[in-house]
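Just below is one structure, and these are the notes that go with it.
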Amino acid sequence: MVSFASWSVLTVDFLIILYLALGGVTLAALLHLVNAKWRFDVRFLTVSFFSLYPLAFVLLLILLWGGKMTFPWVGSTESMPFWNNLTFLSVREILGFIVVGVLFGTFIKLQAVAERDPESKGAFRNVALLIPFAYVLFGTMVAWDFEMTQLPNWESSIYAMYFFVSNFGMFLSFTATLVYFLNSSGALSKPIGDYIYNYFAQIMLAFTILWVYTFFAQYLVIWYGNLPEETDRIFHMQNGYYGTLFWTFFVMKFVFPFVMLVFPFNRHNPASILVVAASIMVGTWIERYTWISGTYSSPHMPMTSLFDIGVTAIVFGVAFILVRMTMKKYKLIKA
């Protein structure tokens, strides 16, 4: 039987795939709402990541089917909050997936026709206004279900914000990396100017600062209150088996990106941006794993078993095929 520590790798892969899908539409909506001119360079490219949404849904069903392997509190005899009920959790997650899928799919369809159909512009803007709210509300539910309440009686009022800020920063890093490689290889049907990297670098720096703000806002309140039911989880991750992972993701998501991107010359250097983006992406994966698997003591380190490596290779292999097919279908990349 697969251990919880190994099964957590699948949970993390699910969250990464889900937030790549959600992030693409959310970025396109935000750029439209603020009337950013560079949205025309990336909006169709980013929404192509929504092709990962069905994959995320399949992974969700597998995790829900896994039940106790995904949520160790299932079947516990201790007093549980009503929120921690597998049936209730499954229903709300599936319904949330359907509602968000319809809304985000509508945005993509309207975006494709809004420029040439004046009558659809109003509807497009109205849907775009709903996207950030859906991202935050759905993200809050996912954060609580798959991370915060892994330890049933532990809670944090800022955890959801901490969670989706982290994942959106990861998405920005992934997009910057993808644009760099597609541009460098000449694969894009319509090349994107080098100025785009500076825009991504600025937003990555902003989300790096916002992430560390939410990190310390949560940490400080827990540390200052010094309540065992709150501090035990943090200290367990910080000083236990996963202590190295805890400090690794902090360095990779804040220390290194901030030191690099705070200097303007690095924000104009695509190679430097690529290195920072790689640090944020890997750091986010480690962060998600530390919060999930690190909830329960285990000496198991990620990617040290065939299950860990195999399931990750399959998930991201399928993700690569889906996104590539979508980009080819809409002629974003050359055949």
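Ordering of the structure tokens sets the chain letters (A, B, ...); residue numbers start at 1 within each chain; ligands are numbered from 1 in the order shown.
Near A:Ala123, within 10 Å and counting only C-alpha atoms, sit A:Thr106, A:Phe107, A:Leu110, A:Gln111, A:Ala114, A:Pro118, A:Glu119, A:Val127, A:Ala128, A:Leu129, not including residues fewer than 4 positions from it in the same chain.
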Only C-alpha atoms, please: the residues just picked out, written as a short mmCIF file (atom, residue, chain, number, x, y, z; two decimals), in the first residue's frame.
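Okay, part_30.cif is ready:
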```
data_model
loop_
_atom_site.label_atom_id
_atom_site.label_comp_id
_atom_site.auth_asym_id
_atom_site.auth_seq_id
_atom_site.Cartn_x
_atom_site.Cartn_y
_atom_site.Cartn_z
CA THR A 106 -17.36 31.03 -21.34
CA PHE A 107 -14.59 33.59 -20.89
CA LEU A 110 -16.06 35.27 -25.61
CA GLN A 111 -12.41 36.31 -25.76
CA ALA A 114 -15.05 39.91 -28.63
CA PRO A 118 -19.05 44.46 -30.77
CA GLU A 119 -22.23 42.95 -29.30
CA VAL A 127 -17.56 37.56 -17.41
CA ALA A 128 -14.02 38.91 -16.99
CA LEU A 129 -15.18 40.72 -13.84
#
```
Compile a residue-level contact table for stretch 269-328 of chain A against stretch 23-46 of chain A at a cut-off of 10 Å, reporting for every qualifying residue the shortest atom pair and its distance in Å to one decimal, with only C-alpha atoms counted, rows ordered by chain and ascending number, as CSV.
```
residue,atom,partner,partner_atom,distance
A:Val323,CA,A:Leu45,CA,9.7
A:Thr326,CA,A:Leu45,CA,9.6
A:Met327,CA,A:Leu45,CA,7.4
```
Keeping only C-alpha atoms, take the residues you just selected and write them out as a PDB file, in the first residue's frame.
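Generated file (again_37.pdb):
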```
ATOM      1  CA  VAL A 323      -1.241  21.890 -23.982  1.00  0.00           C
ATOM      2  CA  THR A 326      -4.294  22.883 -27.946  1.00  0.00           C
ATOM      3  CA  MET A 327      -1.608  25.314 -29.075  1.00  0.00           C
TER       4      MET A 327
END
```
Using DSSP on the backbone coordinates, identify all residues within stretch 21-140 of chain A classified as helix (DSSP H, G or I); present the result as a PyMOL selection string. chain A and resi 21-33+39-69+86-114+118-140
Would you mind listing what lies within 12 Å of A:Val99 as number ranges by chain, with only C-alpha atoms counted and same-chain residues fewer than 2 positions away left out? A: 92-97, 101-106, 130-131, 134-135, 137-138
Quick one: write out the picked residues with C-alpha atoms as a PDB file, in the first residue's frame?
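File written: again-v5.pdb
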```pdb
ATOM      1  CA  ARG A  92     -18.588  20.736  -3.011  1.00  0.00           C
ATOM      2  CA  GLU A  93     -15.348  20.085  -4.899  1.00  0.00           C
ATOM      3  CA  ILE A  94     -17.106  18.502  -7.877  1.00  0.00           C
ATOM      4  CA  LEU A  95     -19.784  21.215  -7.996  1.00  0.00           C
ATOM      5  CA  GLY A  96     -17.100  23.882  -7.691  1.00  0.00           C
ATOM      6  CA  PHE A  97     -15.200  22.316 -10.579  1.00  0.00           C
ATOM      7  CA  GLY A 101     -15.296  25.188 -15.652  1.00  0.00           C
ATOM      8  CA  VAL A 102     -18.422  26.698 -17.214  1.00  0.00           C
ATOM      9  CA  LEU A 103     -17.450  30.258 -16.231  1.00  0.00           C
ATOM     10  CA  PHE A 104     -13.852  30.013 -17.406  1.00  0.00           C
ATOM     11  CA  GLY A 105     -14.898  28.222 -20.594  1.00  0.00           C
ATOM     12  CA  THR A 106     -17.363  31.028 -21.342  1.00  0.00           C
ATOM     13  CA  LEU A 130     -16.355  37.423 -12.359  1.00  0.00           C
ATOM     14  CA  ILE A 131     -13.119  35.535 -13.027  1.00  0.00           C
ATOM     15  CA  ALA A 134     -14.237  32.762  -8.875  1.00  0.00           C
ATOM     16  CA  TYR A 135     -10.470  32.258  -8.638  1.00  0.00           C
ATOM     17  CA  LEU A 137     -13.525  31.675  -3.825  1.00  0.00           C
ATOM     18  CA  PHE A 138     -12.712  28.389  -5.523  1.00  0.00           C
TER      19      PHE A 138
END
```
Taking only C-alpha atoms into account, name the residue in A:Val179, A:Leu227, A:Met281, A:Ile314 that is nearest to A:Ile16.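 For A:Ile16, the nearest of the given residues is A:Met281.
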For atom CA of A:Leu245 and atom CA of A:Ala21, quote the distance in Å rounded to one decimal.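 Result for atom CA of A:Leu245 versus atom CA of A:Ala21: 25.9 Å, one decimal.
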Quick one, how far is atom CA of A:Leu172 from atom CA of A:Ala278?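 Atom-to-atom, atom CA of A:Leu172 and atom CA of A:Ala278 are spaced 10.8 Å apart.
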Using only C-alpha atoms, which protein or nucleic acid residues come within 12 Å of A:Gln238? Drop anything in the same chain fewer than 2 positions from it, and give the result as a list in words.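 The contact residues come out as Tyr219, Thr231, Asp232, Arg233, Ile234, Phe235, His236, Gly240, Tyr241, Tyr242, Gly243, Thr244, Leu245, Phe246, Trp247, Thr248, Phe249, Phe250, Glu287, Thr290, Trp291, Gly294, Thr295 and Ser297 of chain A.
Proximity to A:Tyr296 was assessed for A:Leu15, A:Ala143, A:Ile108, A:Ala5 counting only C-alpha atoms; the smallest distance is recorded for A:Ala5.
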Could you list, as a PyMOL selection string, every residue within 10 Å of A:Met148, counting only C-alpha atoms and ignoring same-chain residues fewer than 4 positions away? chain A and resi 140-144+152-156+159-160+163+291-292+295
Same residues, C-alpha atoms, output as a CSV table (one decimal), in the first residue's frame:
```
chain,number,residue,atom,x,y,z
A,140,THR,CA,-10.2,29.2,-0.9
A,141,MET,CA,-12.2,26.0,-0.9
A,142,VAL,CA,-9.3,24.0,-2.5
A,143,ALA,CA,-6.8,25.5,0.0
A,144,TRP,CA,-8.9,24.5,3.0
A,152,PRO,CA,-8.6,18.8,11.2
A,153,ASN,CA,-8.4,21.2,14.2
A,154,TRP,CA,-5.7,23.5,12.7
A,155,GLU,CA,-6.8,26.7,11.0
A,156,SER,CA,-5.5,30.0,9.7
A,159,TYR,CA,-4.2,30.5,4.7
A,160,ALA,CA,-6.3,30.7,1.5
A,163,PHE,CA,-2.2,29.5,-0.9
A,291,TRP,CA,2.3,21.6,3.9
A,292,ILE,CA,0.5,18.4,2.9
A,295,THR,CA,1.4,17.5,8.4
```
Compare A:Phe200, A:Phe307, A:Phe50, A:Phe258 by their minimum atom-to-atom distance to A:Val212, counting only C-alpha atoms, and give me the closest one.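 Closest to A:Val212 of all the choices is A:Phe258.
Counting from atom CA of A:Phe256, the distance to atom CA of A:Val315 is 28.1 Å.
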With stretch 56-70 of chain A as the partner and 12 Å as the cut-off, tabulate the residues of stretch 288-323 of chain A that qualify, each row holding the nearest pair of atoms and their distance in Å to one decimal, using only C-alpha atoms, sorted by chain and rising number, as a tab-separated table.
```
residue	atom	partner	partner_atom	distance
A:Ile292	CA	A:Thr70	CA	9.5
A:Ser293	CA	A:Thr70	CA	9.9
A:Val311	CA	A:Leu59	CA	10.8
A:Thr312	CA	A:Leu59	CA	11.6
A:Ile314	CA	A:Leu59	CA	11.5
A:Val315	CA	A:Leu59	CA	8.8
A:Phe316	CA	A:Ala56	CA	11.0
A:Val318	CA	A:Ala56	CA	10.9
A:Ala319	CA	A:Ala56	CA	9.4
A:Leu322	CA	A:Ala56	CA	11.7
```
Expected file contents, prior selection, N, CA and C atoms, as an mmCIF file, in the first residue's frame:
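Final file, out_4.cif:
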```cif
data_model
loop_
_atom_site.group_PDB
_atom_site.id
_atom_site.type_symbol
_atom_site.label_atom_id
_atom_site.label_comp_id
_atom_site.auth_asym_id
_atom_site.auth_seq_id
_atom_site.Cartn_x
_atom_site.Cartn_y
_atom_site.Cartn_z
ATOM 1 N N ILE A 292 1.416 19.532 2.897
ATOM 2 C CA ILE A 292 0.517 18.377 2.885
ATOM 3 C C ILE A 292 1.134 17.187 3.617
ATOM 4 N N SER A 293 2.230 16.674 3.101
ATOM 5 C CA SER A 293 2.851 15.488 3.700
ATOM 6 C C SER A 293 3.463 15.794 5.058
ATOM 7 N N VAL A 311 4.255 8.630 -11.081
ATOM 8 C CA VAL A 311 2.998 9.369 -11.158
ATOM 9 C C VAL A 311 3.236 10.799 -11.627
ATOM 10 N N THR A 312 4.335 11.413 -11.215
ATOM 11 C CA THR A 312 4.646 12.777 -11.643
ATOM 12 C C THR A 312 4.984 12.813 -13.129
ATOM 13 N N ILE A 314 3.927 10.735 -15.428
ATOM 14 C CA ILE A 314 2.694 10.505 -16.193
ATOM 15 C C ILE A 314 1.836 11.763 -16.228
ATOM 16 N N VAL A 315 1.632 12.384 -15.059
ATOM 17 C CA VAL A 315 0.771 13.572 -14.976
ATOM 18 C C VAL A 315 1.306 14.701 -15.856
ATOM 19 N N PHE A 316 2.584 15.007 -15.729
ATOM 20 C CA PHE A 316 3.122 16.129 -16.487
ATOM 21 C C PHE A 316 3.382 15.759 -17.948
ATOM 22 N N VAL A 318 1.229 13.831 -19.702
ATOM 23 C CA VAL A 318 -0.109 14.050 -20.280
ATOM 24 C C VAL A 318 -0.391 15.550 -20.395
ATOM 25 N N ALA A 319 0.005 16.322 -19.387
ATOM 26 C CA ALA A 319 -0.208 17.776 -19.412
ATOM 27 C C ALA A 319 0.510 18.398 -20.606
ATOM 28 N N LEU A 322 -1.448 17.632 -23.821
ATOM 29 C CA LEU A 322 -2.702 18.385 -23.914
ATOM 30 C C LEU A 322 -2.467 19.835 -24.320
#
```
